[in-house]
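Trainee: See start_11.cif below, with mmCIF, C-alpha atoms and all ligand atoms.
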```
data_data
loop_
_atom_site.label_atom_id
_atom_site.label_comp_id
_atom_site.auth_asym_id
_atom_site.auth_seq_id
_atom_site.Cartn_x
_atom_site.Cartn_y
_atom_site.Cartn_z
CA MET G 1 -80.05 -198.19 -257.74
CA SER G 2 -76.46 -197.13 -258.00
CA GLY G 3 -74.49 -196.47 -254.85
CA SER G 4 -72.61 -193.52 -256.34
CA PRO G 5 -73.01 -190.35 -254.34
CA ILE G 6 -75.36 -187.70 -255.62
CA GLY G 7 -73.87 -184.35 -256.59
CA LEU G 8 -74.83 -181.37 -254.46
CA ALA G 9 -74.82 -177.74 -255.49
CA ILE G 10 -76.18 -174.44 -254.30
CA GLU G 11 -77.90 -171.64 -256.18
CA LEU G 12 -77.29 -168.01 -255.29
CA ALA G 13 -80.01 -165.37 -255.37
CA ASP G 14 -78.91 -162.04 -256.87
CA GLU G 15 -78.45 -160.52 -253.42
CA GLU G 16 -76.10 -163.36 -252.49
CA ARG G 17 -73.62 -162.34 -255.17
CA SER G 18 -71.80 -159.73 -253.08
CA GLY G 19 -70.56 -158.76 -249.64
CA ALA G 20 -71.36 -160.63 -246.45
CA ALA G 21 -74.27 -162.46 -248.11
CA ARG G 22 -71.88 -164.05 -250.58
CA THR G 23 -69.43 -165.01 -247.84
CA ARG G 24 -72.27 -166.67 -245.93
CA ALA G 25 -73.58 -168.45 -249.05
CA LEU G 26 -70.17 -169.91 -249.87
CA ALA G 27 -69.75 -171.04 -246.24
CA ALA G 28 -73.14 -172.77 -246.56
CA ALA G 29 -71.87 -174.53 -249.69
CA LYS G 30 -68.96 -175.88 -247.67
CA ALA G 31 -71.22 -177.07 -244.83
CA LEU G 32 -73.40 -178.82 -247.39
CA GLY G 33 -70.41 -180.38 -249.13
CA ALA G 34 -71.52 -178.81 -252.41
CA GLY G 35 -69.35 -179.21 -255.49
CA GLY G 36 -71.01 -176.54 -257.56
CA VAL G 37 -72.79 -173.22 -257.53
CA ALA G 38 -75.26 -171.69 -259.96
CA PHE G 39 -76.26 -168.06 -260.31
CA ALA G 40 -77.55 -165.57 -262.86
CA ALA G 41 -74.99 -164.17 -265.30
CA GLY G 42 -74.93 -160.40 -265.34
CA ASP G 43 -72.55 -157.94 -267.02
CA ASP G 44 -71.81 -156.46 -263.63
CA ASP G 45 -68.70 -156.73 -261.46
CA ALA G 46 -70.65 -158.98 -259.09
CA THR G 47 -70.69 -161.76 -261.69
CA ARG G 48 -66.92 -161.66 -262.16
CA ALA G 49 -66.17 -161.37 -258.43
CA THR G 50 -68.60 -164.17 -257.56
CA ILE G 51 -67.05 -166.46 -260.14
CA ASP G 52 -63.60 -165.80 -258.68
CA ALA G 53 -64.83 -166.37 -255.12
CA ALA G 54 -66.64 -169.58 -256.10
CA LYS G 55 -63.67 -170.95 -258.02
CA GLY G 56 -61.47 -170.04 -255.04
CA ALA G 57 -63.81 -172.13 -252.88
CA GLY G 58 -63.37 -175.06 -255.26
CA LEU G 59 -66.88 -174.86 -256.72
CA ALA G 60 -67.80 -175.55 -260.34
CA VAL G 61 -69.67 -172.52 -261.67
CA THR G 62 -72.93 -172.74 -263.63
CA LEU G 63 -74.01 -169.41 -265.10
CA GLN G 64 -77.73 -169.01 -265.69
CA VAL G 65 -78.82 -167.12 -268.78
CA ALA G 66 -82.35 -165.77 -269.22
CA GLY G 67 -84.16 -166.57 -272.45
CA GLY G 68 -86.93 -164.66 -274.19
CA ALA G 69 -89.79 -166.71 -272.73
CA LEU G 70 -89.30 -164.94 -269.38
CA ALA G 71 -90.17 -161.69 -271.17
CA GLY G 72 -93.08 -163.22 -273.07
CA LYS G 73 -91.09 -163.71 -276.29
CA CYS G 74 -91.51 -166.72 -278.56
CA PRO G 75 -88.37 -168.71 -279.48
CA ASN G 76 -89.37 -168.21 -283.14
CA ASP G 77 -89.18 -164.42 -282.76
CA PRO G 78 -85.93 -163.84 -284.71
CA ASP G 79 -84.70 -160.86 -282.67
CA ALA G 80 -85.47 -162.34 -279.27
CA ARG G 81 -83.95 -165.64 -280.32
CA THR G 82 -80.72 -164.12 -281.60
CA ALA G 83 -80.40 -161.93 -278.52
CA ALA G 84 -80.93 -164.86 -276.16
CA ALA G 85 -78.36 -167.04 -277.95
CA ALA G 86 -75.90 -164.13 -277.95
CA ARG G 87 -76.36 -163.62 -274.19
CA ALA G 88 -75.53 -167.27 -273.56
CA GLY G 89 -72.53 -167.24 -275.92
CA ASP G 90 -71.15 -164.00 -274.46
CA ALA G 91 -71.46 -165.23 -270.87
CA ALA G 92 -69.65 -168.46 -271.78
CA THR G 93 -66.86 -166.71 -273.69
CA LYS G 94 -66.33 -163.90 -271.19
CA HIS G 95 -66.49 -165.90 -267.96
CA ALA G 96 -65.46 -169.46 -268.93
CA PRO G 97 -67.85 -171.15 -266.48
CA ALA G 98 -68.09 -174.93 -266.17
CA ALA G 99 -71.63 -174.73 -267.57
CA ILE G 100 -74.28 -172.42 -268.99
CA GLU G 101 -77.83 -173.08 -267.85
CA LEU G 102 -80.72 -171.92 -270.01
CA VAL G 103 -83.68 -170.50 -268.13
CA GLY G 104 -86.72 -169.52 -270.20
CA PHE G 105 -85.57 -170.74 -273.65
CA GLY G 106 -88.89 -172.40 -274.50
CA PHE G 107 -92.29 -170.87 -275.15
CA PRO G 108 -93.80 -168.18 -272.93
CA GLU G 109 -96.42 -169.33 -270.47
CA SER G 110 -99.87 -168.04 -269.66
CA ARG G 111 -100.24 -166.46 -266.23
CA ALA G 112 -104.00 -166.84 -266.26
CA ALA G 113 -105.68 -168.86 -263.51
CA LEU G 114 -106.59 -171.75 -265.83
CA ASP G 115 -105.87 -175.45 -265.85
CA GLY G 116 -102.89 -176.86 -267.75
CA ALA G 117 -104.86 -177.52 -270.94
CA LEU G 118 -106.30 -174.02 -271.15
CA ARG G 119 -103.02 -172.37 -270.13
CA PHE G 120 -101.40 -174.11 -273.10
CA LEU G 121 -104.07 -172.85 -275.50
CA ASP G 122 -104.08 -169.39 -273.92
CA ALA G 123 -100.34 -169.00 -274.60
CA LEU G 124 -100.37 -170.68 -278.01
CA CYS G 125 -98.26 -168.52 -280.30
CA GLY G 126 -99.33 -167.60 -283.82
CA CYS G 127 -96.48 -165.19 -284.61
CA ALA G 128 -94.88 -164.96 -288.07
CA GLY G 129 -92.00 -167.20 -287.01
CA CYS G 130 -94.33 -169.92 -285.72
CA ALA G 131 -96.56 -169.54 -288.80
CA ARG G 132 -93.54 -170.04 -291.07
CA ARG G 133 -92.48 -173.21 -289.25
CA GLY G 134 -96.06 -174.48 -289.35
CA ALA G 135 -96.47 -173.70 -293.06
CA ALA G 136 -93.44 -175.87 -293.83
CA ARG G 137 -95.46 -178.72 -292.33
CA LYS G 138 -98.77 -177.61 -293.92
CA LEU G 139 -100.17 -176.43 -290.61
CA ASP G 140 -101.84 -173.03 -290.16
CA VAL G 141 -100.49 -172.21 -286.71
CA ALA G 142 -102.05 -168.71 -286.57
CA LYS G 143 -105.48 -170.20 -287.25
CA LEU G 144 -104.89 -172.84 -284.60
CA ALA G 145 -103.84 -170.18 -282.07
CA ALA G 146 -107.05 -168.25 -282.78
CA LYS G 147 -109.04 -171.44 -282.31
CA GLY G 148 -107.22 -172.01 -279.04
CA ARG G 149 -108.23 -168.60 -277.73
CA LYS G 150 -111.86 -169.29 -278.69
CA LEU G 151 -111.75 -172.56 -276.78
CA VAL G 152 -110.41 -170.74 -273.73
CA GLU G 153 -113.25 -168.22 -273.99
CA ALA G 154 -115.84 -170.93 -274.52
CA ALA G 155 -114.65 -172.82 -271.43
CA GLY G 156 -115.73 -169.73 -269.49
CA GLY G 157 -113.83 -170.80 -266.41
CA ALA G 158 -110.65 -172.21 -265.02
CA SER G 159 -111.09 -175.73 -266.31
CA ALA G 160 -111.10 -177.23 -269.81
CA THR G 161 -113.67 -179.82 -268.76
CA LYS G 162 -116.72 -178.24 -267.15
CA GLY G 163 -117.54 -179.82 -263.83
CA ALA G 164 -114.71 -182.36 -264.12
CA PRO G 165 -111.31 -182.11 -262.43
CA PRO G 166 -108.89 -179.67 -264.11
CA LEU G 167 -106.55 -181.11 -266.76
CA GLU G 168 -102.96 -180.80 -265.56
CA ARG G 169 -101.09 -183.95 -266.52
CA PRO G 170 -99.77 -184.28 -270.08
CA GLU G 171 -101.39 -187.70 -270.51
CA GLU G 172 -104.77 -186.01 -269.83
CA ILE G 173 -104.12 -182.84 -271.81
CA GLY G 174 -102.90 -184.69 -274.92
CA PRO G 175 -106.09 -186.67 -275.68
CA TRP G 176 -108.29 -183.65 -274.84
CA LEU G 177 -106.31 -181.54 -277.30
CA VAL G 178 -106.65 -184.18 -280.00
CA ARG G 179 -110.44 -184.02 -279.58
CA GLN G 180 -110.44 -180.21 -279.78
CA LEU G 181 -107.92 -179.62 -282.57
CA GLY G 182 -107.91 -182.90 -284.48
CA ALA G 183 -105.32 -185.67 -284.23
CA GLY G 184 -103.19 -184.57 -287.20
CA GLU G 185 -103.19 -180.90 -286.22
CA ALA G 186 -102.32 -181.60 -282.58
CA ALA G 187 -99.45 -183.93 -283.55
CA VAL G 188 -97.95 -181.52 -286.09
CA LEU G 189 -98.36 -178.59 -283.69
CA LEU G 190 -96.38 -180.39 -280.99
CA SER G 191 -93.78 -181.47 -283.50
CA VAL G 192 -93.36 -177.87 -284.76
CA ARG G 193 -92.96 -176.66 -281.18
CA ARG G 194 -90.36 -179.34 -280.47
CA GLU G 195 -88.45 -178.28 -283.60
CA SER G 196 -88.53 -174.68 -282.37
CA LEU G 197 -86.94 -175.65 -279.04
CA VAL G 198 -84.27 -177.74 -280.73
CA ALA G 199 -83.46 -174.91 -283.18
CA GLN G 200 -83.16 -172.39 -280.35
CA VAL G 201 -80.83 -174.64 -278.35
CA GLN G 202 -78.76 -175.39 -281.48
CA ASP G 203 -78.29 -171.62 -281.90
CA VAL G 204 -76.89 -171.44 -278.38
CA ARG G 205 -74.72 -174.52 -278.74
CA ARG G 206 -73.02 -173.07 -281.83
CA ARG G 207 -71.93 -170.02 -279.84
CA LEU G 208 -70.40 -171.87 -276.90
CA PRO G 209 -66.65 -172.33 -276.74
CA PRO G 210 -65.60 -175.97 -276.39
CA GLY G 211 -65.38 -177.22 -272.84
CA VAL G 212 -68.38 -175.26 -271.55
CA ALA G 213 -71.26 -177.61 -270.75
CA LEU G 214 -74.80 -176.63 -271.71
CA ARG G 215 -77.85 -177.48 -269.63
CA SER G 216 -81.40 -176.19 -269.38
CA VAL G 217 -84.29 -175.97 -267.00
CA ALA G 218 -86.70 -178.50 -268.47
CA HIS G 219 -90.07 -180.16 -267.95
CA PRO G 220 -91.26 -183.43 -269.49
CA SER G 221 -94.61 -181.98 -270.57
CA PRO G 222 -94.80 -180.36 -274.04
CA PHE G 223 -97.65 -178.23 -272.67
CA VAL G 224 -95.41 -176.36 -270.22
CA GLY G 225 -93.49 -173.14 -270.94
CA GLY G 226 -92.02 -170.29 -268.97
CA ARG G 227 -88.75 -171.16 -267.18
CA ALA G 228 -88.63 -174.64 -268.66
CA LEU G 229 -88.08 -176.15 -272.07
CA GLY G 230 -91.30 -178.15 -272.23
CA GLY G 231 -91.11 -181.60 -273.79
CA GLY G 232 -88.70 -182.83 -276.44
CA LEU G 233 -86.29 -184.19 -273.83
CA VAL G 234 -85.25 -187.09 -276.08
CA ALA G 235 -84.61 -184.77 -279.04
CA LEU G 236 -82.73 -182.30 -276.83
CA ALA G 237 -80.51 -184.90 -275.18
CA ASP G 238 -77.82 -184.69 -277.88
CA LEU G 239 -77.59 -180.91 -277.55
CA LEU G 240 -77.62 -180.63 -273.77
CA ASP G 241 -75.35 -182.07 -271.11
CA GLY G 242 -78.10 -182.16 -268.53
CA PHE G 243 -81.57 -181.06 -267.47
CA THR G 244 -82.63 -179.13 -264.39
CA LEU G 245 -86.04 -179.86 -262.91
CA ASP G 246 -87.75 -177.24 -260.78
CA GLY G 247 -88.96 -178.80 -257.53
CA PRO G 248 -92.22 -177.79 -255.83
CA ALA G 249 -92.59 -174.10 -254.97
CA ASP G 250 -93.24 -174.79 -251.30
CA LEU G 251 -91.23 -177.68 -249.87
CA ALA G 252 -92.81 -177.37 -246.44
CA THR G 253 -96.21 -178.47 -247.80
CA ALA G 254 -95.04 -180.59 -250.76
CA ASP G 255 -95.78 -184.28 -250.99
CA ALA G 256 -92.81 -186.68 -251.24
CA LYS G 257 -94.70 -189.20 -253.38
CA SER G 258 -95.73 -186.60 -255.96
CA LEU G 259 -92.18 -185.27 -256.15
CA ALA G 260 -90.77 -188.77 -256.67
CA ALA G 261 -93.41 -189.35 -259.36
CA ALA G 262 -92.48 -186.07 -261.08
CA VAL G 263 -88.79 -186.99 -261.16
CA LYS G 264 -89.61 -190.45 -262.44
CA SER G 265 -91.86 -189.11 -265.18
CA ALA G 266 -89.14 -186.69 -266.32
CA ARG G 267 -86.55 -189.48 -266.45
CA THR G 268 -88.98 -191.69 -268.34
CA ALA G 269 -89.53 -188.93 -270.92
CA ALA G 270 -85.78 -188.60 -271.59
CA GLN G 271 -82.97 -190.85 -272.72
CA PRO G 272 -81.75 -193.17 -269.95
CA SER G 273 -78.31 -191.55 -270.05
CA SER G 274 -79.64 -188.01 -269.46
CA ALA G 275 -78.44 -186.45 -266.21
CA PHE G 276 -81.06 -184.68 -264.12
CA THR G 277 -80.49 -182.08 -261.42
CA LEU G 278 -83.38 -181.32 -259.10
CA ARG G 279 -83.63 -177.73 -257.92
CA LEU G 280 -85.11 -177.33 -254.46
CA ALA G 281 -85.81 -173.91 -252.93
CA LEU G 282 -85.34 -174.48 -249.21
CA PRO G 283 -88.11 -173.37 -246.88
CA GLY G 284 -87.22 -171.86 -243.50
CA PRO G 285 -85.30 -174.12 -241.10
CA GLU G 286 -88.63 -175.24 -239.60
CA GLY G 287 -89.20 -177.12 -242.86
CA ARG G 288 -86.10 -179.30 -242.37
CA ASP G 289 -87.95 -182.56 -241.71
CA ALA G 290 -90.22 -182.11 -244.72
CA THR G 291 -87.18 -181.28 -246.85
CA LYS G 292 -85.32 -184.40 -245.74
CA SER G 293 -88.20 -186.72 -246.65
CA LEU G 294 -88.56 -185.02 -250.03
CA LEU G 295 -84.85 -185.40 -250.67
CA ARG G 296 -84.93 -189.07 -249.73
CA ALA G 297 -87.88 -189.74 -252.04
CA ALA G 298 -86.41 -187.80 -254.97
CA ILE G 299 -82.89 -189.26 -254.93
CA GLY G 300 -84.42 -192.74 -254.93
CA GLU G 301 -85.54 -191.97 -258.49
CA GLY G 302 -81.99 -191.69 -259.79
CA LEU G 303 -81.02 -188.02 -259.91
CA ALA G 304 -77.48 -187.02 -260.84
CA ALA G 305 -77.54 -183.98 -258.55
CA VAL G 306 -79.62 -181.80 -256.29
CA ARG G 307 -79.23 -178.05 -256.14
CA PHE G 308 -80.50 -176.05 -253.20
CA ALA G 309 -81.53 -172.41 -253.30
CA GLY G 310 -81.89 -170.49 -250.04
CA THR G 311 -79.11 -172.37 -248.19
CA SER G 312 -78.06 -169.19 -246.36
CA ARG G 313 -81.22 -169.44 -244.27
CA TRP G 314 -80.10 -172.76 -242.77
CA SER G 315 -77.49 -173.34 -240.08
CA ASP G 316 -74.33 -175.28 -240.91
CA THR G 317 -75.58 -178.10 -238.68
CA ASP G 318 -78.86 -178.39 -240.61
CA LEU G 319 -76.98 -178.30 -243.92
CA ALA G 320 -74.63 -181.04 -242.74
CA GLU G 321 -77.68 -183.18 -241.95
CA LEU G 322 -79.00 -182.58 -245.46
CA ARG G 323 -75.62 -183.66 -246.80
CA ALA G 324 -75.86 -186.86 -244.75
CA VAL G 325 -79.31 -187.64 -246.19
CA ALA G 326 -77.95 -187.20 -249.72
CA ALA G 327 -74.94 -189.36 -248.96
CA ALA G 328 -77.02 -192.23 -247.59
CA LYS G 329 -76.97 -195.31 -249.79
CA ARG G 330 -79.71 -195.21 -252.41
ZN ZN V 1 -94.28 -167.73 -282.09
#
```
Give the structure from the file, written as structure tokens.
Ligand SMILES: [Zn+2]
Mentor:
Amino acid sequence: MSGSPIGLAIELADEERSGAARTRALAAAKALGAGGVAFAAGDDDATRATIDAAKGAGLAVTLQVAGGALAGKCPNDPDARTAAAARAGDAATKHAPAAIELVGFGFPESRAALDGALRFLDALCGCAGCARRGAARKLDVAKLAAKGRKLVEAAGGASATKGAPPLERPEEIGPWLVRQLGAGEAAVLLSVRRESLVAQVQDVRRRLPPGVALRSVAHPSPFVGGRALGGGLVALADLLDGFTLDGPADLATADAKSLAAAVKSARTAAQPSSAFTLRLALPGPEGRDATKSLLRAAIGEGLAAVRFAGTSRWSDTDLAELRAVAAAKR
């Protein structure tokens, strides 16, 4: 493991982009020793003022741009795709941040209470844009999407495998999907989806002025959508300067081993040179011990940086301790 220090950053919630909340958040960044700050790009004065305040505090600014998937739109929907790329390009041109971070530039996700395999099928898109991409590869995507919905119905419950544990990991979902859809169909489907992600990110890249880095929230599994670009991390590496991994939703109850395994699996699915930032939403200060063990476990897997959301809830003393954990030799 390298002995180079890990980068630390904070993420601001919308309400931390003005007034006393912003002052407190930037003070927390200092206590943490953070070198960067990320927050949502808006066309409001708060975005401009927060950029100025952050730059004044010596922080590198990452502006987050929302993609169509957050609104249930497919990346192959031409209008949604153009609008999302334009939002990213405009934010980069107008505000000259250090980086743009894509949030929700992959496929939409199913909100249904199903396992990972069924959620994938439930959200499978058969729109005209997807159908066109599929047709170029001799795959009827609309027919496959309809078949997917039938499979979800037929499962009649939360799990793809009746009576067996739910399918959540990509190495379990993949083989199951091959049995349901056929090996050729499943492979071409995943390849078409990967192409769609790459094309969407290329659209964004073309609109960025030189000098602005481009990163995205990402997940190693091609069966994941929503906030993350799911899968294709090797193909996306040339277009992106880094990936952001969402940490567990509740750090206070999360398991350090599983988190370390998740980071490792993401790094394994990407090129060795790809830089990963782990995003951790801090629990209340009572979760400080749990957070420290998670941080220790995760940085052991070779992250480039860790970004904390919710830092304003912690005292400067607690944040300084977190900084010390991150600075400890890996
Ligand atoms: Zn589609």
Trainee: Within 10 Å of ligand ZN 1 (chain V), counting all atoms listed in the file: which residues, as a ChimeraX atom specification?
Mentor: /G:73-78,107-108,123-133,141-142,145,193,196
Trainee: Which one of G:Gln202, G:Ser216, G:Gln271, G:Thr277 sits closest to Ala66 in chain G if you count all atoms listed in the file?
Mentor: G:Ser216
Trainee: Tell me which protein, DNA and RNA residues are within 8 Å of Ala297 in chain G, counting all atoms listed in the file, leaving out same-chain ones fewer than 4 positions away, and put them as a PyMOL selection string.
Mentor: chain G and resi 256-257+259-260+293+301
Trainee: Using only C-alpha atoms, which of the listed residues (G:Ala324, G:Ala228, G:Leu114, G:Ala237) sits closest to Ala275 in chain G?
Mentor: G:Ala237
Trainee: Report, in Å to a single decimal, how far apart CA of Ala60 in chain G and CA of Ala38 in chain G are.
Mentor: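 For CA of Ala38 in chain G relative to CA of Ala60 in chain G, the distance reads 8.4 Å.
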Trainee: May I have the residues within 10 Å of Leu70 in chain G as number ranges by chain, using all atoms listed in the file and disregarding those fewer than 6 positions away in the same chain?
Mentor: G: 103-109, 225-228
Trainee: Between CA of Gly174 in chain G and CA of Asp241 in chain G, what is the distance in Å, rounded to a tenth?
Mentor: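 These two atoms are separated by 27.9 Å.
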Trainee: Between G:Glu101, G:Glu185, G:Asp140, G:Asp255, which residue has the minimum interatomic distance to Leu214 in chain G, considering all atoms listed in the file?
Mentor: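 Of G:Glu101, G:Glu185, G:Asp140, G:Asp255, the one nearest Leu214 in chain G is G:Glu101, counting all atoms listed in the file.
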Trainee: From the set G:Thr50, G:Gln64, G:Ser312, G:Thr253, which residue has the shortest atom-to-atom contact distance to Arg215 in chain G, counting only C-alpha atoms?
Mentor: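 Ranking G:Thr50, G:Gln64, G:Ser312, G:Thr253 by distance to Arg215 in chain G, first place goes to G:Gln64.
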Trainee: Neighbouring residues of Arg307 in chain G were defined as those with any atom within 8 Å, considering all atoms listed in the file; residues of the same chain fewer than 4 positions away were excluded. Please report them as JSON, numbers by chain.
Mentor: {"G": [8, 9, 10, 11, 277, 278, 279, 280]}
Trainee: G:Val204, G:Arg22, G:Gly232, G:Leu189: which is nearest Lys143 in chain G, counting all atoms listed in the file?
Mentor: G:Leu189
Trainee: Figure out the distance between CA of Gly7 in chain G and CA of Ala305 in chain G, please, to one decimal in Å.
Mentor: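 These atoms are spaced 4.2 Å apart.
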Trainee: Taking 2 positions as the minimum chain separation for residues in the same chain, which residues sit within 8 Å of Arg137 in chain G when counting only C-alpha atoms? Answer as a compact mmCIF listing (two decimals) with C-alpha atoms, in the frame of the given file.
Mentor:
```txt
# COMPACT_ATOMS: atom_id res chain seq x y z
CA ARG G 133 -92.48 -173.21 -289.25
CA GLY G 134 -96.06 -174.48 -289.35
CA ALA G 135 -96.47 -173.70 -293.06
CA LEU G 139 -100.17 -176.43 -290.61
CA VAL G 188 -97.95 -181.52 -286.09
CA VAL G 192 -93.36 -177.87 -284.76
```
Trainee: Neighbouring residues of range 159-164 of chain G were defined as those with any atom within 9 Å, considering all atoms listed in the file; residues of the same chain fewer than 2 positions away were excluded. Please report them as a list in words.
Mentor: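 Contacts, with the query itself left out: Leu114, Asp115, Gly116, Ala117, Leu118, Leu151, Val152, Ala155, Gly156, Gly157, Pro166, Leu167 and Trp176 of chain G.
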Trainee: In the coordinate frame of the file, compute which residues have an atom within 12 Å of (-78.6, -189.7, -270.9) when using only C-alpha atoms, and state them as a PyMOL selection string.
Mentor: chain G and resi 233-243+266-276+302-304
Trainee: Which residue gives the smallest distance to Ile173 in chain G among G:Gly300, G:Pro209, G:Gly287, G:Pro222, with only C-alpha atoms counted?
Mentor: G:Pro222
